[in-house]
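Enquirer: Take this structure, written in structure tokens, and hold onto it; I'll ask about it next.
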Amino acid sequence: MKILITDAFCSANRGDAAILDGIVSGLTRRLPGVELLVTSHFPALTQRFHGADHCVSAIDDRDVVATMRAIDAADLVVGCGGSYLHDTYALNLHPRLATIHACARAGRPFAVFAQSIGPLDSPLSRTAARNALDDAAWILVRDEASARVVNALGVRAPIEVGVDAAVGGGSQDWLAAPRARNEVPVLGVPVLGVPVLGVTVRGWHFPGLEDAPRLQDQYERAVAAACDAWVQRTGGRVRFLSNCTALGGYAQDDRVAARRVAARMTSAAEVVEDIDLDFRAVRAQAAACDLFLGTRMHSLIFATTAGVPAVGVAYEFKTGEWLEQVGLAGRWCPIEAPVGLTEQLLRAWDEREAMHDALRERIPAQIERAESQLDTLAALARGTRPAPAPRAAVGRAGWDQETWRYDRPHRRLRAVADAVVSESSGGRMLDLGCSSGLLGRMVGPRWDYTGVDMAPSVARDELGFRIRTAAIDAPWPVDGEFDVVTASGALEYADDLTDVLRRARACLRPGGLAVVTLFNLAHVSRGPRSQRHPTWRFTHRPDELILTLRELGLPPTRIFASSAGNGPAPGVDAETPTDLDRSGAVQLALPQLLRIAHHIVLVCRAGAQQPGPSAVAALAATGPLIDAMRMAVGIAREAPWSARAWADLSALWKRAGDESQTLACAERAAALDPNRPV
């Protein structure tokens with residue numbers, strides 16, 4: 001088996017080296033005899049740090065021909081962990097994304113492994129990243145912030161949140177052992193028990209901000225002041241470590257900034273000057289400290305995975321994300337505004353035992369995650385692709401704030417309210433995904449209104465008007481039958497849309513009214529690579545929704561659009577009709593409506609169940625093929641506007657061996673919905 005690991009930039013950055021070692025050692029343990037090839041900007045250093053232990057070979061990442069040959073020969077390509085898919089390194093972003101495209105063209109699976117992704121603020125970066133990441137076999141990000149970025153792009157590849165690849169590479173003996181005391185030279189005499197503060201600093205270019213030299217000077221002064229205050233409080237010693245040195249010509253050298261900060265201090269401080277220490281030695285140095293003040297993210301990983309309480313200075317969001325993962329949330333300040341750093345450091349010293357206990361509780365779980373994600377990577381190398389991971393926990397945090405955006409009588413809500421008032425005379429009403437319950441106010445006092453929303457801030461309990469807190473996928477805290485059930489802009493967020501509709505039907509009395517909406521994935525602007533809302537779960541197109549409703553006993557009696565047009569859907573705040581609304585496009589025939597309506601509004605009556613796609617699939621799996629075909633033909637005749645019905649019929653004709661009928665039905669499906677893969 002051959003695996004290519006790309007984008008391992010330079011092992012003179014000991015964080016990069018620890019990441020690469022975590023991947024390499026993890027794969028060699030799981031895949032005996034595997035051949036590993038690494039692309040690096042400094043291949044000689046990669047060979048030096050990793051080749052002897054794991055028989056790793058390295059090539060220069062600037063050698064395009066060698067890289068393409070390596071991709072063709074690989075069984076799996078792994079994008080090395082780290083943080084380089086973002087706008088800060090814009091010149092490097094697109095060549096790295098091009099590697100994923102090259103793997104897709106060569107038919108080789110590509111795994112994005114344990115990376116931080118974003119920010120991606122420019123339209124060019126977002127489009128390029130989405131198009132490339134769509135082709136990945138698996139995307140493993142190392143923090144929730146990156147998951148939100150990827151989900152906001154609407155990427156189709158399986159996405160999972162894991163942990164940095166360097167986690168678990170060191171010894172965790174501290175979990176079962178008491179902390180050792182440091183031996184520090186004082187006036188040339190070794191003194192046992194003097195506390196040591198480990199520190200990493202770096203030069204930073206402060207992207208997007210003016211006057212970087214002034215900001216660097218401000219940051220260095222803040223670190224020096226914090227270190228002096230800690231020495232005065234504890235009588236301890238400060239030791240500056242370096243995650244990056246100029247070994248092999250690497251441009252980053254933390255010793256330069258460390259010398260400047262040490263020179264600013266009034267207290268004595270040690271700067272570790274060794275240029276060629278490997279990452280294990282640097283990790284051991286961090287683990288030997290009593291408290292850590294880290295700017296380099298991996299120095300914080302080295303310290304905290306050894307149980308050392310730590311405070312961070314964040315130059316990217318990844319620092320705060322790591323500290324939160326290990327139970328030290330908020331123990332950091334931004335590098336561009338290090339206000340309160342001294343107070344943070346002194347408080348950490350005072351609370352070091354509690355911080356140590358938090359690490360003891362959290363670190364084992366992070367190590368377990370690191371091992372689990374390596375298991376998945378090894379399985380991918382053997383040919384088992386990860387299934388898309390549930391995304392319910394990603395992007396729904398802070399929904400309280402999101403839900404209040406819809407506290408206004410926007411176009412879609414007005415359309416639903418009009419349908420309820422015109423089609424029903426009152427009674428009990430259930431509103432799913434109700435936001436603030438504005439729909440209940442709009443329809444008036446004839447309805448006894450119950451809303452359900454996942455945001456606790458909108459909960460109410462008034463006479464004839466109440467809002468219960470629950471997600472649309474969770475059990476709804478309601479009792480009895482309802483005369484009306486509505487779901488305006490809510491079905492898009494359901495993990496199982498069919499199950500939600502089935503439960504809504506069960507809540508309705510016989511002949512009761514249901515008014516539901518769905519964003520139209522068959523719209524002319526919604527191509528396969530178009531952006532999706534980060535928390536949308538659904539894949540139903542409107543014709544599929546109609547067939548599903550019929551099958552559940554909610555046949556639509558009226559279908560119309562809340563807005564229609566060829567461009568993107570108007571926003572929540574948009575009050576002006578689109579051009580096609582003005583021209584009466586909402587009155588077009590159903591096949592055209594299904595293509596140009598931004599939102600489909602369906603008015604349904606609880607009635608008898610009718611055959612649908614799931615019944616056809618069940619019959620095709622268990623009964624004679626001819627019976628399934630008869631049912632599918634009947635559905636297609638009753639719903640000639642449904643691309644899904646014709647696609648199902650095409651698949652059955654293919655099983656029957658009739659190529660001409662297969663092609664004819666497939667062409668009919670494609671004509672009805674050109675965005676649907678047939």
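Labeling convention for the structure tokens: chains A, B, ... as they appear, residues from 1 per chain, ligands from 1 in order of appearance.
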Need to verify the contact set: Thr548 (chain A), 9 Å, only C-alpha atoms, exclusion of same-chain residues closer than 6 positions in sequence. Can you return it as a tab-separated table (two decimals) with C-alpha atoms, in the first residue's frame?
Expert:
chain	number	residue	atom	x	y	z
A	498	THR	CA	-40.12	12.28	6.14
A	501	LEU	CA	-44.00	15.06	8.16
A	554	LEU	CA	-51.22	14.77	3.16
A	555	PRO	CA	-52.00	15.30	-0.53
A	612	GLY	CA	-45.16	6.84	-3.69
A	613	PRO	CA	-41.42	6.32	-4.25
A	614	SER	CA	-40.85	4.36	-1.05
Enquirer: What does the distance from CA of Asp75 (chain A) to CA of Ser146 (chain A) come to in Å, to one decimal?
Expert: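 One can read the CA of Asp75 (chain A) to CA of Ser146 (chain A) distance as 26.9 Å.
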Enquirer: Output as JSON lines one row per residue of region 277-319 of chain A within 12 Å of region 39-60 of chain A: the closest atom pair and its distance in Å to one decimal place, counting only C-alpha atoms, sorted by chain and residue number ascending.
Expert:
{"residue": "A:Leu277", "atom": "CA", "partner": "A:Phe49", "partner_atom": "CA", "distance": 9.9}
{"residue": "A:Asp278", "atom": "CA", "partner": "A:Phe49", "partner_atom": "CA", "distance": 6.9}
{"residue": "A:Phe279", "atom": "CA", "partner": "A:Phe49", "partner_atom": "CA", "distance": 8.5}
{"residue": "A:Arg280", "atom": "CA", "partner": "A:Phe49", "partner_atom": "CA", "distance": 10.0}
{"residue": "A:Ala281", "atom": "CA", "partner": "A:Phe49", "partner_atom": "CA", "distance": 11.8}
Enquirer: Please run DSSP on the backbone and report, as a PyMOL selection string, all residues within region 296-537 of chain A that come out as strand (DSSP E).
Expert: chain A and resi 310-314+332-334+427-432+447-453+460-462+465-469+482-487+508-519
Enquirer: Generate the output file for the selected residues, C-alpha atoms, as a tab-separated table (two decimals), in the first residue's frame.
Expert:
chain	number	residue	atom	x	y	z
A	310	ALA	CA	-1.40	27.13	30.25
A	311	VAL	CA	-2.39	30.57	28.99
A	312	GLY	CA	-2.38	31.37	25.28
A	313	VAL	CA	-1.74	34.37	23.07
A	314	ALA	CA	-3.83	33.78	19.95
A	332	TRP	CA	-6.09	33.45	26.24
A	333	CYS	CA	-5.91	36.94	24.76
A	334	PRO	CA	-5.52	38.09	21.14
A	427	GLY	CA	-59.34	25.76	16.13
A	428	ARG	CA	-56.12	24.34	17.51
A	429	MET	CA	-52.97	25.27	15.59
A	430	LEU	CA	-49.46	23.74	15.82
A	431	ASP	CA	-46.59	25.77	14.30
A	432	LEU	CA	-43.29	23.88	13.88
A	447	TRP	CA	-56.81	29.87	16.76
A	448	ASP	CA	-55.54	28.33	19.98
A	449	TYR	CA	-51.87	28.57	19.05
A	450	THR	CA	-48.98	26.30	20.09
A	451	GLY	CA	-45.55	26.92	18.61
A	452	VAL	CA	-42.44	24.74	18.84
A	453	ASP	CA	-38.95	26.20	18.44
A	460	ARG	CA	-44.11	31.67	26.12
A	461	ASP	CA	-47.16	30.47	28.05
A	462	GLU	CA	-50.14	32.76	27.62
A	465	PHE	CA	-50.78	31.33	22.87
A	466	ARG	CA	-47.82	29.22	23.96
A	467	ILE	CA	-44.38	28.34	22.61
A	468	ARG	CA	-42.61	25.15	23.69
A	469	THR	CA	-38.86	24.54	23.38
A	482	PHE	CA	-54.83	19.86	15.89
A	483	ASP	CA	-56.95	21.48	13.22
A	484	VAL	CA	-53.95	23.15	11.56
A	485	VAL	CA	-50.25	22.27	11.41
A	486	THR	CA	-47.78	24.70	9.81
A	487	ALA	CA	-44.03	24.63	9.11
A	508	LEU	CA	-53.81	16.37	12.54
A	509	ARG	CA	-57.47	15.49	12.90
A	510	PRO	CA	-59.09	13.83	9.82
A	511	GLY	CA	-59.51	16.48	7.15
A	512	GLY	CA	-57.20	18.86	9.03
A	513	LEU	CA	-55.10	21.49	7.25
A	514	ALA	CA	-51.32	21.45	6.82
A	515	VAL	CA	-49.42	24.38	5.30
A	516	VAL	CA	-45.70	23.74	4.79
A	517	THR	CA	-42.90	25.38	2.85
A	518	LEU	CA	-39.61	24.16	1.43
A	519	PHE	CA	-36.71	25.91	-0.24
Enquirer: Which value, in Å to one decimal, gives the distance between CA of Gln366 (chain A) and CA of Ser25 (chain A)?
Expert: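 So the two atoms, CA of Gln366 (chain A) and CA of Ser25 (chain A), lie 17.2 Å apart.
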Enquirer: For Leu552 (chain A), which residue among A:Gln610, A:Thr304, A:Asn566, A:Gln344 is the nearest when counting only C-alpha atoms?
Expert: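 Selected residue with least distance to Leu552 (chain A): A:Gln610.
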Enquirer: Here is a test: counting only C-alpha atoms, which residue of A:Asp658, A:Glu336, A:Asp228, A:Asp407 is nearest to Thr295 (chain A)?
Expert: A:Glu336
Enquirer: Write out as a ChimeraX atom specification all residues of region 57-115 of chain A that backbone DSSP assigns to alpha helix (DSSP H).
Expert: /A:64-73,90-106
Enquirer: Using the selection just defined, write its residues with C-alpha atoms as a PDB file, in the first residue's frame.
Expert:
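Now in selection.pdb:
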ATOM      1  CA  VAL A  64       5.057  19.260  -9.942  1.00  0.00           C
ATOM      2  CA  VAL A  65       5.990  16.311 -12.149  1.00  0.00           C
ATOM      3  CA  ALA A  66       7.152  14.188  -9.209  1.00  0.00           C
ATOM      4  CA  THR A  67       4.048  15.125  -7.225  1.00  0.00           C
ATOM      5  CA  MET A  68       1.697  14.146 -10.052  1.00  0.00           C
ATOM      6  CA  ARG A  69       3.495  10.819 -10.450  1.00  0.00           C
ATOM      7  CA  ALA A  70       3.200  10.244  -6.709  1.00  0.00           C
ATOM      8  CA  ILE A  71      -0.543  10.964  -6.840  1.00  0.00           C
ATOM      9  CA  ASP A  72      -0.994   8.459  -9.683  1.00  0.00           C
ATOM     10  CA  ALA A  73       0.871   5.778  -7.718  1.00  0.00           C
ATOM     11  CA  ALA A  90      -3.659  33.436   0.078  1.00  0.00           C
ATOM     12  CA  LEU A  91      -0.794  32.809  -2.363  1.00  0.00           C
ATOM     13  CA  ASN A  92      -0.445  29.246  -1.075  1.00  0.00           C
ATOM     14  CA  LEU A  93      -4.173  28.491  -0.850  1.00  0.00           C
ATOM     15  CA  HIS A  94      -4.899  27.802  -4.507  1.00  0.00           C
ATOM     16  CA  PRO A  95      -1.891  25.526  -5.225  1.00  0.00           C
ATOM     17  CA  ARG A  96      -2.867  23.423  -2.201  1.00  0.00           C
ATOM     18  CA  LEU A  97      -6.463  23.200  -3.409  1.00  0.00           C
ATOM     19  CA  ALA A  98      -5.164  22.213  -6.843  1.00  0.00           C
ATOM     20  CA  THR A  99      -3.757  19.031  -5.257  1.00  0.00           C
ATOM     21  CA  ILE A 100      -7.291  17.929  -4.342  1.00  0.00           C
ATOM     22  CA  HIS A 101      -8.466  18.534  -7.916  1.00  0.00           C
ATOM     23  CA  ALA A 102      -5.498  16.533  -9.221  1.00  0.00           C
ATOM     24  CA  CYS A 103      -6.447  13.610  -6.971  1.00  0.00           C
ATOM     25  CA  ALA A 104     -10.043  13.748  -8.199  1.00  0.00           C
ATOM     26  CA  ARG A 105      -8.906  13.671 -11.837  1.00  0.00           C
ATOM     27  CA  ALA A 106      -6.618  10.725 -11.090  1.00  0.00           C
TER      28      ALA A 106
END
Enquirer: With only C-alpha atoms counted and 12 Å as the cut-off, give the residues of region 3-107 of chain A in contact with region 148-166 of chain A, each with its shortest interatomic distance in Å and the pair that gives it, as JSON lines.
Expert:
{"residue": "A:Arg14", "atom": "CA", "partner": "A:Ala166", "partner_atom": "CA", "distance": 10.1}
{"residue": "A:Gly15", "atom": "CA", "partner": "A:Ala166", "partner_atom": "CA", "distance": 7.6}
{"residue": "A:Asp16", "atom": "CA", "partner": "A:Ala166", "partner_atom": "CA", "distance": 8.5}
{"residue": "A:Ala17", "atom": "CA", "partner": "A:Ala166", "partner_atom": "CA", "distance": 8.5}
{"residue": "A:Ala18", "atom": "CA", "partner": "A:Ala166", "partner_atom": "CA", "distance": 5.0}
{"residue": "A:Ile19", "atom": "CA", "partner": "A:Ala166", "partner_atom": "CA", "distance": 4.5}
{"residue": "A:Leu20", "atom": "CA", "partner": "A:Ala165", "partner_atom": "CA", "distance": 7.6}
{"residue": "A:Asp21", "atom": "CA", "partner": "A:Ala166", "partner_atom": "CA", "distance": 7.4}
{"residue": "A:Gly22", "atom": "CA", "partner": "A:Ala166", "partner_atom": "CA", "distance": 5.2}
{"residue": "A:Ile23", "atom": "CA", "partner": "A:Ala165", "partner_atom": "CA", "distance": 6.4}
{"residue": "A:Val24", "atom": "CA", "partner": "A:Ala165", "partner_atom": "CA", "distance": 9.9}
{"residue": "A:Ser25", "atom": "CA", "partner": "A:Ala165", "partner_atom": "CA", "distance": 10.5}
{"residue": "A:Gly26", "atom": "CA", "partner": "A:Ala165", "partner_atom": "CA", "distance": 9.4}
{"residue": "A:Leu27", "atom": "CA", "partner": "A:Ala165", "partner_atom": "CA", "distance": 11.7}
{"residue": "A:Gly79", "atom": "CA", "partner": "A:Ala165", "partner_atom": "CA", "distance": 11.7}
{"residue": "A:Cys80", "atom": "CA", "partner": "A:Ala165", "partner_atom": "CA", "distance": 8.9}
{"residue": "A:Gly81", "atom": "CA", "partner": "A:Ala165", "partner_atom": "CA", "distance": 6.6}
{"residue": "A:Gly82", "atom": "CA", "partner": "A:Asp164", "partner_atom": "CA", "distance": 7.8}
{"residue": "A:Ser83", "atom": "CA", "partner": "A:Asp164", "partner_atom": "CA", "distance": 10.4}
{"residue": "A:Leu85", "atom": "CA", "partner": "A:Val150", "partner_atom": "CA", "distance": 10.8}
{"residue": "A:His86", "atom": "CA", "partner": "A:Val149", "partner_atom": "CA", "distance": 10.2}
Enquirer: Kindly export the residues of the current selection with C-alpha atoms, as a PDB file, in the first residue's frame.
Expert:
ATOM      1  CA  ARG A  14       8.246  21.532  15.593  1.00  0.00           C
ATOM      2  CA  GLY A  15       4.462  21.786  15.525  1.00  0.00           C
ATOM      3  CA  ASP A  16       4.440  20.714  11.871  1.00  0.00           C
ATOM      4  CA  ALA A  17       6.890  17.944  12.755  1.00  0.00           C
ATOM      5  CA  ALA A  18       4.655  16.678  15.575  1.00  0.00           C
ATOM      6  CA  ILE A  19       1.629  16.697  13.255  1.00  0.00           C
ATOM      7  CA  LEU A  20       3.471  14.719  10.585  1.00  0.00           C
ATOM      8  CA  ASP A  21       4.813  12.274  13.156  1.00  0.00           C
ATOM      9  CA  GLY A  22       1.328  11.741  14.541  1.00  0.00           C
ATOM     10  CA  ILE A  23       0.051  10.797  11.075  1.00  0.00           C
ATOM     11  CA  VAL A  24       3.080   8.740  10.070  1.00  0.00           C
ATOM     12  CA  SER A  25       3.384   6.782  13.306  1.00  0.00           C
ATOM     13  CA  GLY A  26      -0.372   6.229  13.444  1.00  0.00           C
ATOM     14  CA  LEU A  27      -0.511   4.826   9.906  1.00  0.00           C
ATOM     15  CA  GLY A  79      -3.478  16.533   3.224  1.00  0.00           C
ATOM     16  CA  CYS A  80      -1.189  16.949   6.241  1.00  0.00           C
ATOM     17  CA  GLY A  81      -2.783  18.594   9.247  1.00  0.00           C
ATOM     18  CA  GLY A  82      -2.187  22.192  10.235  1.00  0.00           C
ATOM     19  CA  SER A  83      -3.581  25.537   9.222  1.00  0.00           C
ATOM     20  CA  LEU A  85      -6.423  26.645   3.959  1.00  0.00           C
ATOM     21  CA  HIS A  86      -7.279  30.267   4.661  1.00  0.00           C
TER      22      HIS A  86
END
Enquirer: Identify, on the basis of only C-alpha atoms, every residue whose closest approach to Val238 (chain A) does not exceed 8 Å; exclude the query and any residue fewer than 6 positions from it along the same chain; express the result as a PDB file with N, CA and C atoms, in the first residue's frame.
Expert:
ATOM      1  N   VAL A 196       9.009  26.880  37.176  1.00  0.00           N
ATOM      2  CA  VAL A 196       9.455  27.326  35.862  1.00  0.00           C
ATOM      3  C   VAL A 196       8.246  27.706  35.016  1.00  0.00           C
ATOM      4  N   LEU A 197       8.317  28.899  34.439  1.00  0.00           N
ATOM      5  CA  LEU A 197       7.314  29.353  33.475  1.00  0.00           C
ATOM      6  C   LEU A 197       7.883  29.160  32.080  1.00  0.00           C
ATOM      7  N   GLY A 198       7.286  28.264  31.294  1.00  0.00           N
ATOM      8  CA  GLY A 198       7.684  28.098  29.909  1.00  0.00           C
ATOM      9  C   GLY A 198       6.964  29.112  29.030  1.00  0.00           C
ATOM     10  N   VAL A 199       7.680  29.671  28.053  1.00  0.00           N
ATOM     11  CA  VAL A 199       7.118  30.725  27.196  1.00  0.00           C
ATOM     12  C   VAL A 199       7.529  30.470  25.752  1.00  0.00           C
ATOM     13  N   CYS A 227       5.608  38.174  32.334  1.00  0.00           N
ATOM     14  CA  CYS A 227       6.645  37.297  32.886  1.00  0.00           C
ATOM     15  C   CYS A 227       7.278  37.903  34.137  1.00  0.00           C
ATOM     16  N   VAL A 231       7.341  36.318  37.951  1.00  0.00           N
ATOM     17  CA  VAL A 231       8.573  36.093  38.723  1.00  0.00           C
ATOM     18  C   VAL A 231       8.480  36.773  40.083  1.00  0.00           C
ATOM     19  N   ALA A 268      15.726  37.903  35.397  1.00  0.00           N
ATOM     20  CA  ALA A 268      16.550  37.027  34.570  1.00  0.00           C
ATOM     21  C   ALA A 268      15.672  36.017  33.859  1.00  0.00           C
ATOM     22  N   ALA A 269      16.034  35.679  32.638  1.00  0.00           N
ATOM     23  CA  ALA A 269      15.284  34.704  31.857  1.00  0.00           C
ATOM     24  C   ALA A 269      16.247  33.907  30.996  1.00  0.00           C
ATOM     25  N   GLU A 270      15.886  32.666  30.737  1.00  0.00           N
ATOM     26  CA  GLU A 270      16.701  31.775  29.917  1.00  0.00           C
ATOM     27  C   GLU A 270      16.063  31.635  28.552  1.00  0.00           C
TER      28      GLU A 270
END
Enquirer: Could you name the residues that touch Arg541 (chain A) at 10 Å or less, counting only C-alpha atoms, but leaving out those on the same chain fewer than 3 positions away, as a list in words?
Expert: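 So the residues in contact are Leu518, Phe519, Asn520, Leu521, Ala522, His523, Phe538, Glu544, Leu545, Ile546, Leu594, Arg595, Ile600, Ser642, Ala643, Arg644, Asp673, Asn675 and Arg676 of chain A.
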Enquirer: Include C-alpha atoms and write out the residues we just selected as a PDB file, in the first residue's frame.
Expert:
ATOM      1  CA  LEU A 518     -39.606  24.161   1.434  1.00  0.00           C
ATOM      2  CA  PHE A 519     -36.706  25.914  -0.241  1.00  0.00           C
ATOM      3  CA  ASN A 520     -36.620  24.795  -3.870  1.00  0.00           C
ATOM      4  CA  LEU A 521     -33.497  22.779  -4.716  1.00  0.00           C
ATOM      5  CA  ALA A 522     -34.775  22.456  -8.305  1.00  0.00           C
ATOM      6  CA  HIS A 523     -34.597  26.230  -8.787  1.00  0.00           C
ATOM      7  CA  PHE A 538     -32.661  18.211   3.427  1.00  0.00           C
ATOM      8  CA  GLU A 544     -40.216  14.664  -4.173  1.00  0.00           C
ATOM      9  CA  LEU A 545     -41.835  16.562  -1.319  1.00  0.00           C
ATOM     10  CA  ILE A 546     -45.208  16.432  -3.091  1.00  0.00           C
ATOM     11  CA  LEU A 594     -41.168  23.917  -9.630  1.00  0.00           C
ATOM     12  CA  ARG A 595     -38.193  25.371 -11.474  1.00  0.00           C
ATOM     13  CA  ILE A 600     -42.681  26.258  -2.531  1.00  0.00           C
ATOM     14  CA  SER A 642     -42.232  14.855 -11.231  1.00  0.00           C
ATOM     15  CA  ALA A 643     -38.603  14.327 -12.202  1.00  0.00           C
ATOM     16  CA  ARG A 644     -38.343  11.823  -9.338  1.00  0.00           C
ATOM     17  CA  ASP A 673     -35.127  19.085 -13.270  1.00  0.00           C
ATOM     18  CA  ASN A 675     -30.091  20.089 -11.495  1.00  0.00           C
ATOM     19  CA  ARG A 676     -30.949  16.494 -10.600  1.00  0.00           C
TER      20      ARG A 676
END
Enquirer: Considering only C-alpha atoms, return as a PyMOL selection string whatever protein or nucleic-acid residues lie within 12 Å of Ala379 (chain A), sequence-local ones (same chain, fewer than 5 positions apart) excluded.
Expert: chain A and resi 27+30-31+75-76+109+111+137-138+372-374+384-387
Enquirer: Quick one: write out the picked residues with N, CA and C atoms as a CSV table (one decimal), in the first residue's frame?
Expert:
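See part00.csv below for the written result:
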chain,number,residue,atom,x,y,z
A,27,LEU,N,-0.3,5.7,11.1
A,27,LEU,CA,-0.5,4.8,9.9
A,27,LEU,C,0.4,3.6,9.9
A,30,ARG,N,-1.0,0.9,12.1
A,30,ARG,CA,-2.2,0.3,11.7
A,30,ARG,C,-2.1,-0.4,10.3
A,31,LEU,N,-1.1,0.0,9.5
A,31,LEU,CA,-0.9,-0.6,8.2
A,31,LEU,C,0.5,-1.1,8.0
A,75,ASP,N,-2.4,4.9,-3.2
A,75,ASP,CA,-3.7,4.4,-2.9
A,75,ASP,C,-4.6,5.4,-2.1
A,76,LEU,N,-3.9,6.3,-1.4
A,76,LEU,CA,-4.6,7.4,-0.7
A,76,LEU,C,-3.7,8.6,-0.6
A,109,PRO,N,-8.5,8.8,-3.8
A,109,PRO,CA,-9.2,9.5,-2.6
A,109,PRO,C,-8.2,10.4,-1.9
A,111,ALA,N,-7.9,12.8,1.6
A,111,ALA,CA,-8.4,13.1,2.9
A,111,ALA,C,-7.8,14.4,3.5
A,137,ALA,N,-12.6,12.9,-0.2
A,137,ALA,CA,-13.2,11.7,0.3
A,137,ALA,C,-13.6,11.9,1.8
A,138,TRP,N,-12.9,12.7,2.5
A,138,TRP,CA,-13.2,12.9,4.0
A,138,TRP,C,-12.5,14.2,4.4
A,372,SER,N,-9.0,7.4,17.3
A,372,SER,CA,-10.1,7.1,16.5
A,372,SER,C,-10.0,7.6,15.1
A,373,GLN,N,-9.6,8.9,15.0
A,373,GLN,CA,-9.5,9.4,13.6
A,373,GLN,C,-8.4,8.8,12.8
A,374,LEU,N,-7.4,8.3,13.5
A,374,LEU,CA,-6.4,7.5,12.7
A,374,LEU,C,-6.9,6.2,12.3
A,384,THR,N,-12.5,1.9,2.6
A,384,THR,CA,-13.8,2.2,3.3
A,384,THR,C,-13.9,3.7,3.4
A,385,ARG,N,-14.8,4.3,2.7
A,385,ARG,CA,-15.0,5.7,2.8
A,385,ARG,C,-15.9,6.1,4.0
A,386,PRO,N,-15.6,7.1,4.7
A,386,PRO,CA,-16.5,7.5,5.8
A,386,PRO,C,-17.8,8.0,5.3
A,387,ALA,N,-18.9,7.7,6.0
A,387,ALA,CA,-20.2,8.2,5.7
A,387,ALA,C,-20.3,9.6,6.2
Enquirer: Counting only C-alpha atoms, figure out which residue out of A:Glu371, A:Glu324, A:Asp496, A:Glu343 gets nearest to Leu359 (chain A).
Expert: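 That would be A:Glu324, the residue with the smallest distance to Leu359 (chain A).
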Enquirer: In Å, with one decimal, what is the gap from CA of Ala12 (chain A) to CA of Val112 (chain A)?
Expert: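 Between CA of Ala12 (chain A) and CA of Val112 (chain A) the gap is 22.2 Å.
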Enquirer: Nearest to Gly193 (chain A) among A:Gly327, A:Gly235, A:Gly294, A:Pro577, with distances taken over only C-alpha atoms: which residue is it?
Expert: A:Gly235
Enquirer: Using only C-alpha atoms, which residue out of A:Pro542, A:Pro364, A:Pro309, A:Pro207 lies closest to Leu672 (chain A)?
Expert: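 Going through A:Pro542, A:Pro364, A:Pro309, A:Pro207 one by one, the smallest distance to Leu672 (chain A) is for A:Pro542.
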